[in-house]
$ cat my_file02.pdb   # PDB, C-alpha atoms, pLDDT in the B column
MODEL        1
ATOM      1  CA  MET A 169       9.057 -21.761  -4.335  1.00 50.00           C
ATOM      2  CA  SER A 170       9.921 -18.209  -5.385  1.00 62.00           C
ATOM      3  CA  GLY A 171      13.162 -17.316  -7.141  1.00 72.00           C
ATOM      4  CA  VAL A 172      14.756 -16.417  -3.814  1.00 81.00           C
ATOM      5  CA  THR A 173      17.387 -18.660  -2.221  1.00 83.00           C
ATOM      6  CA  PHE A 174      17.237 -19.807   1.397  1.00 84.00           C
ATOM      7  CA  LYS A 175      19.890 -17.278   2.436  1.00 86.00           C
ATOM      8  CA  GLN A 176      18.185 -14.379   0.660  1.00 89.00           C
ATOM      9  CA  ALA A 177      14.820 -15.297   2.198  1.00 90.00           C
ATOM     10  CA  ASN A 178      16.310 -15.387   5.700  1.00 90.00           C
ATOM     11  CA  ARG A 179      18.149 -12.123   5.176  1.00 91.00           C
ATOM     12  CA  ARG A 180      14.939 -10.458   3.973  1.00 93.00           C
ATOM     13  CA  TYR A 181      13.085 -11.828   6.992  1.00 93.00           C
ATOM     14  CA  ARG A 182      15.653 -10.653   9.557  1.00 92.00           C
ATOM     15  CA  ARG A 183      16.022  -7.265   7.897  1.00 93.00           C
ATOM     16  CA  ALA A 184      12.303  -6.588   8.348  1.00 94.00           C
ATOM     17  CA  PHE A 185      11.583  -8.577  11.532  1.00 92.00           C
ATOM     18  CA  ILE A 186      13.934  -6.686  13.848  1.00 93.00           C
ATOM     19  CA  PRO A 187      12.642  -3.181  12.894  1.00 93.00           C
ATOM     20  CA  ALA A 188       9.053  -4.453  13.226  1.00 92.00           C
ATOM     21  CA  MET A 189       9.690  -5.697  16.776  1.00 90.00           C
ATOM     22  CA  ILE A 190      11.482  -2.480  17.719  1.00 93.00           C
ATOM     23  CA  ALA A 191       8.526  -0.532  16.298  1.00 92.00           C
ATOM     24  CA  TYR A 192       6.149  -2.726  18.311  1.00 90.00           C
ATOM     25  CA  ALA A 193       8.015  -2.017  21.548  1.00 91.00           C
ATOM     26  CA  ILE A 194       8.161   1.728  20.860  1.00 93.00           C
ATOM     27  CA  ILE A 195       4.503   1.973  19.789  1.00 92.00           C
ATOM     28  CA  CYS A 196       3.380  -0.085  22.815  1.00 90.00           C
ATOM     29  CA  LEU A 197       5.085   2.315  25.203  1.00 91.00           C
ATOM     30  CA  GLY A 198       4.289   5.438  23.157  1.00 91.00           C
ATOM     31  CA  GLY A 199       0.635   4.454  22.686  1.00 87.00           C
ATOM     32  CA  ALA A 200       0.137   3.826  26.404  1.00 87.00           C
ATOM     33  CA  PHE A 201       1.806   7.150  27.212  1.00 88.00           C
ATOM     34  CA  LEU A 202      -0.298   8.995  24.606  1.00 87.00           C
ATOM     35  CA  PHE A 203      -3.515   7.370  25.828  1.00 86.00           C
ATOM     36  CA  LYS A 204      -2.824   8.381  29.422  1.00 86.00           C
ATOM     37  CA  SER A 205      -1.884  11.915  28.439  1.00 88.00           C
ATOM     38  CA  LEU A 206      -5.177  12.467  26.579  1.00 85.00           C
ATOM     39  CA  ASP A 207      -7.994  13.800  28.722  1.00 84.00           C
ATOM     40  CA  ASP A 208     -11.160  11.868  27.860  1.00 86.00           C
ATOM     41  CA  PRO A 209     -10.054  10.843  24.327  1.00 87.00           C
ATOM     42  CA  PRO A 210     -12.737  10.261  21.676  1.00 90.00           C
ATOM     43  CA  VAL A 211     -13.502   6.647  20.800  1.00 92.00           C
ATOM     44  CA  TRP A 212     -11.970   6.985  17.331  1.00 93.00           C
ATOM     45  CA  ALA A 213      -8.662   8.183  18.851  1.00 90.00           C
ATOM     46  CA  SER A 214      -8.576   5.277  21.301  1.00 90.00           C
ATOM     47  CA  ALA A 215      -9.398   2.853  18.496  1.00 92.00           C
ATOM     48  CA  LEU A 216      -6.709   4.359  16.287  1.00 92.00           C
ATOM     49  CA  ILE A 217      -4.068   4.032  19.017  1.00 90.00           C
ATOM     50  CA  ALA A 218      -5.150   0.411  19.633  1.00 92.00           C
ATOM     51  CA  VAL A 219      -5.022  -0.571  15.957  1.00 93.00           C
ATOM     52  CA  LEU A 220      -1.693   1.191  15.372  1.00 92.00           C
ATOM     53  CA  THR A 221      -0.208  -0.583  18.410  1.00 91.00           C
ATOM     54  CA  ALA A 222      -1.239  -3.949  17.007  1.00 92.00           C
ATOM     55  CA  ALA A 223      -0.085  -3.160  13.450  1.00 93.00           C
ATOM     56  CA  PRO A 224       3.579  -4.284  13.876  1.00 92.00           C
ATOM     57  CA  MET A 225       2.324  -7.686  15.056  1.00 92.00           C
ATOM     58  CA  GLY A 226       0.405  -7.964  11.793  1.00 94.00           C
ATOM     59  CA  VAL A 227       3.616  -7.099   9.944  1.00 95.00           C
ATOM     60  CA  VAL A 228       5.470  -9.859  11.839  1.00 94.00           C
ATOM     61  CA  PHE A 229       2.802 -12.427  10.868  1.00 95.00           C
ATOM     62  CA  TRP A 230       3.035 -11.328   7.245  1.00 96.00           C
ATOM     63  CA  LEU A 231       6.846 -11.654   7.382  1.00 95.00           C
ATOM     64  CA  MET A 232       6.476 -15.200   8.750  1.00 94.00           C
ATOM     65  CA  TRP A 233       4.092 -15.995   5.904  1.00 94.00           C
ATOM     66  CA  ARG A 234       6.503 -14.543   3.325  1.00 94.00           C
ATOM     67  CA  LEU A 235       9.432 -16.493   4.821  1.00 93.00           C
ATOM     68  CA  MET A 236       7.417 -19.681   4.549  1.00 93.00           C
ATOM     69  CA  ARG A 237       6.728 -19.004   0.873  1.00 92.00           C
ATOM     70  CA  GLU A 238      10.329 -18.114   0.063  1.00 92.00           C
ATOM     71  CA  THR A 239      12.434 -20.506   2.129  1.00 92.00           C
ATOM     72  CA  ASP A 240      13.536 -24.014   1.097  1.00 92.00           C
ATOM     73  CA  GLU A 241      11.199 -26.972   1.463  1.00 93.00           C
ATOM     74  CA  PHE A 242      12.791 -28.491   4.585  1.00 93.00           C
ATOM     75  CA  SER A 243      12.663 -25.169   6.434  1.00 92.00           C
ATOM     76  CA  ARG A 244       9.102 -24.641   5.166  1.00 93.00           C
ATOM     77  CA  LEU A 245       8.059 -27.983   6.615  1.00 93.00           C
ATOM     78  CA  GLN A 246       9.645 -27.058   9.947  1.00 91.00           C
ATOM     79  CA  GLN A 247       7.985 -23.623   9.887  1.00 92.00           C
ATOM     80  CA  ALA A 248       4.603 -25.111   9.030  1.00 93.00           C
ATOM     81  CA  MET A 249       4.816 -27.700  11.806  1.00 93.00           C
ATOM     82  CA  ALA A 250       5.952 -25.100  14.336  1.00 94.00           C
ATOM     83  CA  MET A 251       3.153 -22.730  13.315  1.00 95.00           C
ATOM     84  CA  ALA A 252       0.542 -25.470  13.454  1.00 95.00           C
ATOM     85  CA  GLY A 253       1.824 -26.694  16.831  1.00 95.00           C
ATOM     86  CA  GLY A 254       2.181 -23.184  18.219  1.00 96.00           C
ATOM     87  CA  GLY A 255      -1.302 -22.265  16.992  1.00 96.00           C
ATOM     88  CA  MET A 256      -2.866 -25.375  18.507  1.00 97.00           C
ATOM     89  CA  ILE A 257      -1.179 -24.922  21.894  1.00 97.00           C
ATOM     90  CA  THR A 258      -2.194 -21.251  21.966  1.00 97.00           C
ATOM     91  CA  ALA A 259      -5.784 -22.017  20.940  1.00 97.00           C
ATOM     92  CA  PHE A 260      -6.024 -24.781  23.546  1.00 98.00           C
ATOM     93  CA  ALA A 261      -4.552 -22.580  26.292  1.00 97.00           C
ATOM     94  CA  CYS A 262      -7.033 -19.813  25.405  1.00 96.00           C
ATOM     95  CA  THR A 263      -9.919 -22.307  25.406  1.00 97.00           C
ATOM     96  CA  VAL A 264      -8.952 -23.596  28.852  1.00 97.00           C
ATOM     97  CA  TRP A 265      -8.546 -20.041  30.129  1.00 96.00           C
ATOM     98  CA  GLY A 266     -11.923 -19.070  28.631  1.00 95.00           C
ATOM     99  CA  PHE A 267     -13.687 -21.839  30.574  1.00 97.00           C
ATOM    100  CA  LEU A 268     -11.772 -20.900  33.725  1.00 97.00           C
ATOM    101  CA  GLU A 269     -13.121 -17.369  33.241  1.00 96.00           C
ATOM    102  CA  LEU A 270     -16.639 -18.697  32.605  1.00 96.00           C
ATOM    103  CA  TYR A 271     -16.615 -20.581  35.898  1.00 96.00           C
ATOM    104  CA  ASP A 272     -15.079 -17.656  37.804  1.00 94.00           C
ATOM    105  CA  VAL A 273     -11.817 -19.464  38.489  1.00 95.00           C
ATOM    106  CA  ALA A 274      -9.527 -17.101  36.601  1.00 94.00           C
ATOM    107  CA  PRO A 275      -9.602 -13.368  35.870  1.00 94.00           C
ATOM    108  CA  SER A 276     -10.329 -12.034  32.390  1.00 93.00           C
ATOM    109  CA  MET A 277      -7.330 -12.429  30.069  1.00 91.00           C
ATOM    110  CA  TRP A 278      -5.991  -9.596  27.927  1.00 92.00           C
ATOM    111  CA  ALA A 279      -6.636 -10.772  24.381  1.00 92.00           C
ATOM    112  CA  PHE A 280      -3.603  -8.906  23.023  1.00 91.00           C
ATOM    113  CA  LEU A 281      -1.412 -11.504  24.751  1.00 93.00           C
ATOM    114  CA  VAL A 282      -2.560 -14.136  22.245  1.00 95.00           C
ATOM    115  CA  GLY A 283      -0.148 -12.892  19.545  1.00 93.00           C
ATOM    116  CA  PRO A 284       2.992 -12.961  21.709  1.00 92.00           C
ATOM    117  CA  MET A 285       1.841 -16.287  23.224  1.00 95.00           C
ATOM    118  CA  PHE A 286       1.598 -17.784  19.722  1.00 96.00           C
ATOM    119  CA  LEU A 287       5.072 -16.452  18.840  1.00 94.00           C
ATOM    120  CA  LEU A 288       6.499 -17.954  22.036  1.00 95.00           C
ATOM    121  CA  ASN A 289       4.910 -21.374  21.423  1.00 95.00           C
ATOM    122  CA  TYR A 290       5.941 -21.294  17.771  1.00 94.00           C
ATOM    123  CA  GLY A 291       9.526 -20.433  18.744  1.00 93.00           C
ATOM    124  CA  LEU A 292       9.747 -23.166  21.381  1.00 93.00           C
ATOM    125  CA  ILE A 293       8.396 -25.833  19.024  1.00 93.00           C
ATOM    126  CA  HIS A 294      10.650 -24.671  16.203  1.00 89.00           C
ATOM    127  CA  ARG A 295      13.662 -24.861  18.501  1.00 87.00           C
ATOM    128  CA  PHE A 296      12.999 -28.170  20.261  1.00 83.00           C
ATOM    129  CA  ALA A 297      10.580 -30.344  18.273  1.00 75.00           C
ATOM    130  CA  PHE A 298      12.657 -31.466  15.307  1.00 65.00           C
ATOM    131  CA  GLN A 299      14.878 -34.227  16.597  1.00 54.00           C
ATOM    132  CA  GLY A 300      13.289 -37.144  14.745  1.00 52.00           C
ATOM    133  CA  PRO A 301      12.259 -37.927  11.155  1.00 51.00           C
ATOM    134  CA  CYS A 302      10.638 -34.985   9.410  1.00 48.00           C
ATOM    135  CA  GLU A 303       9.526 -36.072   5.950  1.00 45.00           C
ATOM    136  CA  PRO A 304       6.176 -35.890   4.177  1.00 45.00           C
ATOM    137  CA  GLY A 305       5.528 -39.453   5.340  1.00 40.00           C
ATOM    138  CA  PHE A 306       6.270 -38.383   8.922  1.00 42.00           C
ATOM    139  CA  GLY A 307       5.241 -41.006  11.446  1.00 35.00           C
ATOM    140  CA  LYS A 308       5.017 -43.894   8.964  1.00 32.00           C
TER     141      LYS A 308
ATOM    142  CA  MET B 226      14.277 -43.226   1.802  1.00 81.00           C
ATOM    143  CA  LYS B 227      17.945 -44.145   1.443  1.00 86.00           C
ATOM    144  CA  ASN B 228      20.255 -41.988  -0.623  1.00 91.00           C
ATOM    145  CA  ARG B 229      23.892 -41.628  -1.679  1.00 93.00           C
ATOM    146  CA  LEU B 230      24.064 -37.893  -1.113  1.00 94.00           C
ATOM    147  CA  ARG B 231      26.877 -37.946   1.446  1.00 95.00           C
ATOM    148  CA  GLU B 232      28.945 -40.323  -0.671  1.00 94.00           C
ATOM    149  CA  LEU B 233      28.495 -38.219  -3.831  1.00 95.00           C
ATOM    150  CA  ARG B 234      29.180 -34.980  -1.957  1.00 96.00           C
ATOM    151  CA  THR B 235      32.385 -36.175  -0.320  1.00 95.00           C
ATOM    152  CA  LYS B 236      33.560 -37.557  -3.679  1.00 95.00           C
ATOM    153  CA  GLN B 237      33.409 -33.969  -4.955  1.00 94.00           C
ATOM    154  CA  SER B 238      35.166 -32.739  -1.763  1.00 95.00           C
ATOM    155  CA  TRP B 239      32.199 -30.467  -1.042  1.00 96.00           C
ATOM    156  CA  SER B 240      31.101 -29.483   2.422  1.00 95.00           C
ATOM    157  CA  GLN B 241      27.415 -29.566   3.321  1.00 94.00           C
ATOM    158  CA  GLY B 242      27.477 -25.776   3.035  1.00 94.00           C
ATOM    159  CA  ASP B 243      28.923 -25.941  -0.497  1.00 94.00           C
ATOM    160  CA  LEU B 244      26.188 -28.316  -1.604  1.00 96.00           C
ATOM    161  CA  ALA B 245      23.524 -26.222   0.132  1.00 94.00           C
ATOM    162  CA  ASP B 246      24.736 -23.101  -1.710  1.00 92.00           C
ATOM    163  CA  ALA B 247      24.783 -24.939  -5.031  1.00 94.00           C
ATOM    164  CA  LEU B 248      21.177 -26.040  -4.523  1.00 93.00           C
ATOM    165  CA  GLY B 249      19.969 -22.797  -2.882  1.00 90.00           C
ATOM    166  CA  VAL B 250      18.815 -24.580   0.287  1.00 92.00           C
ATOM    167  CA  SER B 251      19.898 -24.516   3.930  1.00 92.00           C
ATOM    168  CA  ARG B 252      22.798 -26.577   5.283  1.00 93.00           C
ATOM    169  CA  GLN B 253      20.276 -28.076   7.706  1.00 91.00           C
ATOM    170  CA  SER B 254      18.321 -29.370   4.711  1.00 93.00           C
ATOM    171  CA  ILE B 255      21.394 -31.171   3.396  1.00 95.00           C
ATOM    172  CA  ASN B 256      22.074 -32.656   6.809  1.00 94.00           C
ATOM    173  CA  ALA B 257      18.442 -33.793   7.121  1.00 93.00           C
ATOM    174  CA  LEU B 258      18.605 -35.367   3.657  1.00 94.00           C
ATOM    175  CA  GLU B 259      21.880 -37.158   4.339  1.00 94.00           C
ATOM    176  CA  THR B 260      20.701 -38.554   7.653  1.00 91.00           C
ATOM    177  CA  GLY B 261      17.419 -39.713   6.141  1.00 88.00           C
ATOM    178  CA  LYS B 262      15.312 -37.389   8.289  1.00 88.00           C
ATOM    179  CA  PHE B 263      13.809 -35.678   5.281  1.00 91.00           C
ATOM    180  CA  ASP B 264      12.740 -36.861   1.830  1.00 92.00           C
ATOM    181  CA  PRO B 265      13.076 -34.220  -0.900  1.00 94.00           C
ATOM    182  CA  SER B 266      10.317 -33.155  -3.254  1.00 94.00           C
ATOM    183  CA  LEU B 267      10.567 -34.390  -6.826  1.00 94.00           C
ATOM    184  CA  PRO B 268      11.879 -31.019  -8.161  1.00 94.00           C
ATOM    185  CA  LEU B 269      14.639 -30.932  -5.505  1.00 95.00           C
ATOM    186  CA  ALA B 270      15.507 -34.576  -6.138  1.00 95.00           C
ATOM    187  CA  PHE B 271      15.884 -33.770  -9.856  1.00 96.00           C
ATOM    188  CA  ARG B 272      18.106 -30.768  -9.059  1.00 95.00           C
ATOM    189  CA  ILE B 273      20.318 -32.901  -6.821  1.00 96.00           C
ATOM    190  CA  ALA B 274      20.596 -35.677  -9.398  1.00 96.00           C
ATOM    191  CA  ARG B 275      21.414 -33.193 -12.205  1.00 96.00           C
ATOM    192  CA  LEU B 276      24.038 -31.485 -10.059  1.00 96.00           C
ATOM    193  CA  PHE B 277      25.902 -34.786  -9.739  1.00 96.00           C
ATOM    194  CA  GLY B 278      25.205 -35.815 -13.342  1.00 95.00           C
ATOM    195  CA  LYS B 279      23.180 -38.840 -12.233  1.00 94.00           C
ATOM    196  CA  ARG B 280      19.663 -40.180 -12.590  1.00 93.00           C
ATOM    197  CA  ILE B 281      17.337 -39.801  -9.612  1.00 93.00           C
ATOM    198  CA  GLU B 282      17.340 -43.527  -8.963  1.00 91.00           C
ATOM    199  CA  ASP B 283      21.154 -43.472  -8.842  1.00 91.00           C
ATOM    200  CA  VAL B 284      20.987 -41.020  -5.930  1.00 94.00           C
ATOM    201  CA  PHE B 285      17.792 -42.025  -4.135  1.00 91.00           C
ATOM    202  CA  ASP B 286      16.527 -45.501  -3.471  1.00 85.00           C
ATOM    203  CA  ASP B 287      13.260 -46.356  -1.775  1.00 74.00           C
ATOM    204  CA  GLU B 288      12.519 -49.654  -0.039  1.00 69.00           C
ATOM    205  CA  LEU B 289      10.852 -51.012  -3.179  1.00 62.00           C
ATOM    206  CA  GLY B 290      14.027 -50.420  -5.175  1.00 64.00           C
ATOM    207  CA  HIS B 291      16.073 -52.208  -2.519  1.00 63.00           C
ATOM    208  CA  ALA B 292      13.734 -55.187  -2.532  1.00 65.00           C
ATOM    209  CA  ARG B 293      13.845 -55.356  -6.333  1.00 67.00           C
ATOM    210  CA  LYS B 294      17.645 -55.230  -6.386  1.00 65.00           C
ATOM    211  CA  ALA B 295      17.849 -57.921  -3.722  1.00 67.00           C
ATOM    212  CA  ALA B 296      15.544 -60.162  -5.739  1.00 71.00           C
ATOM    213  CA  GLU B 297      17.649 -59.836  -8.911  1.00 69.00           C
TER     214      GLU B 297
ENDMDL
END

$ encode --input "my_file02.pdb" --output "structure tokens"
Amino acid sequence: MSGVTFKQANRRYRRAFIPAMIAYAIICLGGAFLFKSLDDPPVWASALIAVLTAAPMGVVFWLMWRLMRETDEFSRLQQAMAMAGGGMITAFACTVWGFLELYDVAPSMWAFLVGPMFLLNYGLIHRFAFQGPCEPGFGK
Amino acid sequence: MKNRLRELRTKQSWSQGDLADALGVSRQSINALETGKFDPSLPLAFRIARLFGKRIEDVFDDELGHARKAAE
């Protein structure tokens, strides 16, 4: 654990998370508007807009990683379990959807939805999945 | 793992929040420890024991310790 207390770690997380999400919302809208306003944009410009739009999501993932390193061990265990569970549900949902696409059952999915889907699954598990024992010997 | 955390805390007239602040952890962590939902790491167990001026085994007791005490 770093020299940061639980409260400091959470404060640092919130202080950076909210601006990152606001930036994401603004860049999403601004990027789409900019892309539409450009007449036949070069590939590099389109790629730049795409990468810049995704950048705040990368910041959010880094903030989650930093929170996990800095928070107390009980919260870290909860975070790790929620991330693992959220990641598995998201990966499984994407796998199912991929096969549905392969067999022409479902339309092609926008891959940029994977990030928000992971955050949603992570949030739901973090909120609802910790009612029972939660120790290193979990399930013994 | 059983522990005497709640007993020791209330003896000091501390709230869960007071103890959490003293240890630099969340109040939820203290609650999880007291209700036996979470076993602390060795470093945290040492910090807790030192805070109350006790040995680790005076605060925490695993099933083996219980069995040994019962046999004596």

$ resolve_selection --input "my_file02.pdb" --expression "the PyMOL selection byres ((chain B and resi 272) around 12)" --output "short mmCIF file (atom, residue, chain, number, x, y, z; two decimals) with C-alpha atoms, in the coordinates of the input"
data_model
loop_
_atom_site.label_atom_id
_atom_site.label_comp_id
_atom_site.auth_asym_id
_atom_site.auth_seq_id
_atom_site.Cartn_x
_atom_site.Cartn_y
_atom_site.Cartn_z
CA LEU B 244 26.19 -28.32 -1.60
CA ALA B 245 23.52 -26.22 0.13
CA ALA B 247 24.78 -24.94 -5.03
CA LEU B 248 21.18 -26.04 -4.52
CA GLY B 249 19.97 -22.80 -2.88
CA VAL B 250 18.82 -24.58 0.29
CA PRO B 265 13.08 -34.22 -0.90
CA SER B 266 10.32 -33.16 -3.25
CA LEU B 267 10.57 -34.39 -6.83
CA PRO B 268 11.88 -31.02 -8.16
CA LEU B 269 14.64 -30.93 -5.50
CA ALA B 270 15.51 -34.58 -6.14
CA PHE B 271 15.88 -33.77 -9.86
CA ILE B 273 20.32 -32.90 -6.82
CA ALA B 274 20.60 -35.68 -9.40
CA ARG B 275 21.41 -33.19 -12.20
CA LEU B 276 24.04 -31.48 -10.06
CA PHE B 277 25.90 -34.79 -9.74
CA GLY B 278 25.20 -35.82 -13.34
CA LYS B 279 23.18 -38.84 -12.23
CA ARG B 280 19.66 -40.18 -12.59
CA ILE B 281 17.34 -39.80 -9.61
CA VAL B 284 20.99 -41.02 -5.93
#

$ resolve_selection --input "my_file02.pdb" --expression "the PyMOL selection byres ((chain B and resi 230) around 12)" --output "PyMOL selection string"
chain B and resi 226-229+231-237+239-241+244-245+254-261+264-265+270+273-274+276-277+279+281-286

$ atom_distance --input "my_file02.pdb" --atom1 "CA of Arg179 in chain A" --atom2 "CA of Gly199 in chain A"
29.8 Å

$ atom_distance --input "my_file02.pdb" --atom1 "CA of Pro284 in chain A" --atom2 "CA of Arg237 in chain A"
22.0 Å

$ residues_around --input "my_file02.pdb" --residues "range 288-293 of chain A" --least-positions-apart "3" --cutoff "12 Å" --atoms "all atoms listed in the file" --output "compact mmCIF listing (two decimals) with C-alpha atoms, in the frame of the given file"
# COMPACT_ATOMS: atom_id res chain seq x y z
CA PHE A 229 2.80 -12.43 10.87
CA MET A 232 6.48 -15.20 8.75
CA GLN A 246 9.64 -27.06 9.95
CA GLN A 247 7.98 -23.62 9.89
CA ALA A 248 4.60 -25.11 9.03
CA MET A 249 4.82 -27.70 11.81
CA ALA A 250 5.95 -25.10 14.34
CA MET A 251 3.15 -22.73 13.32
CA ALA A 252 0.54 -25.47 13.45
CA GLY A 253 1.82 -26.69 16.83
CA GLY A 254 2.18 -23.18 18.22
CA GLY A 255 -1.30 -22.26 16.99
CA MET A 256 -2.87 -25.38 18.51
CA ILE A 257 -1.18 -24.92 21.89
CA THR A 258 -2.19 -21.25 21.97
CA ALA A 259 -5.78 -22.02 20.94
CA PHE A 260 -6.02 -24.78 23.55
CA ALA A 261 -4.55 -22.58 26.29
CA LEU A 281 -1.41 -11.50 24.75
CA VAL A 282 -2.56 -14.14 22.24
CA GLY A 283 -0.15 -12.89 19.55
CA PRO A 284 2.99 -12.96 21.71
CA MET A 285 1.84 -16.29 23.22
CA PHE A 296 13.00 -28.17 20.26
CA ALA A 297 10.58 -30.34 18.27
CA PHE A 298 12.66 -31.47 15.31
CA GLN A 299 14.88 -34.23 16.60

$ atom_distance --input "my_file02.pdb" --atom1 "CA of Asp240 in chain A" --atom2 "CA of Thr173 in chain A"
7.4 Å
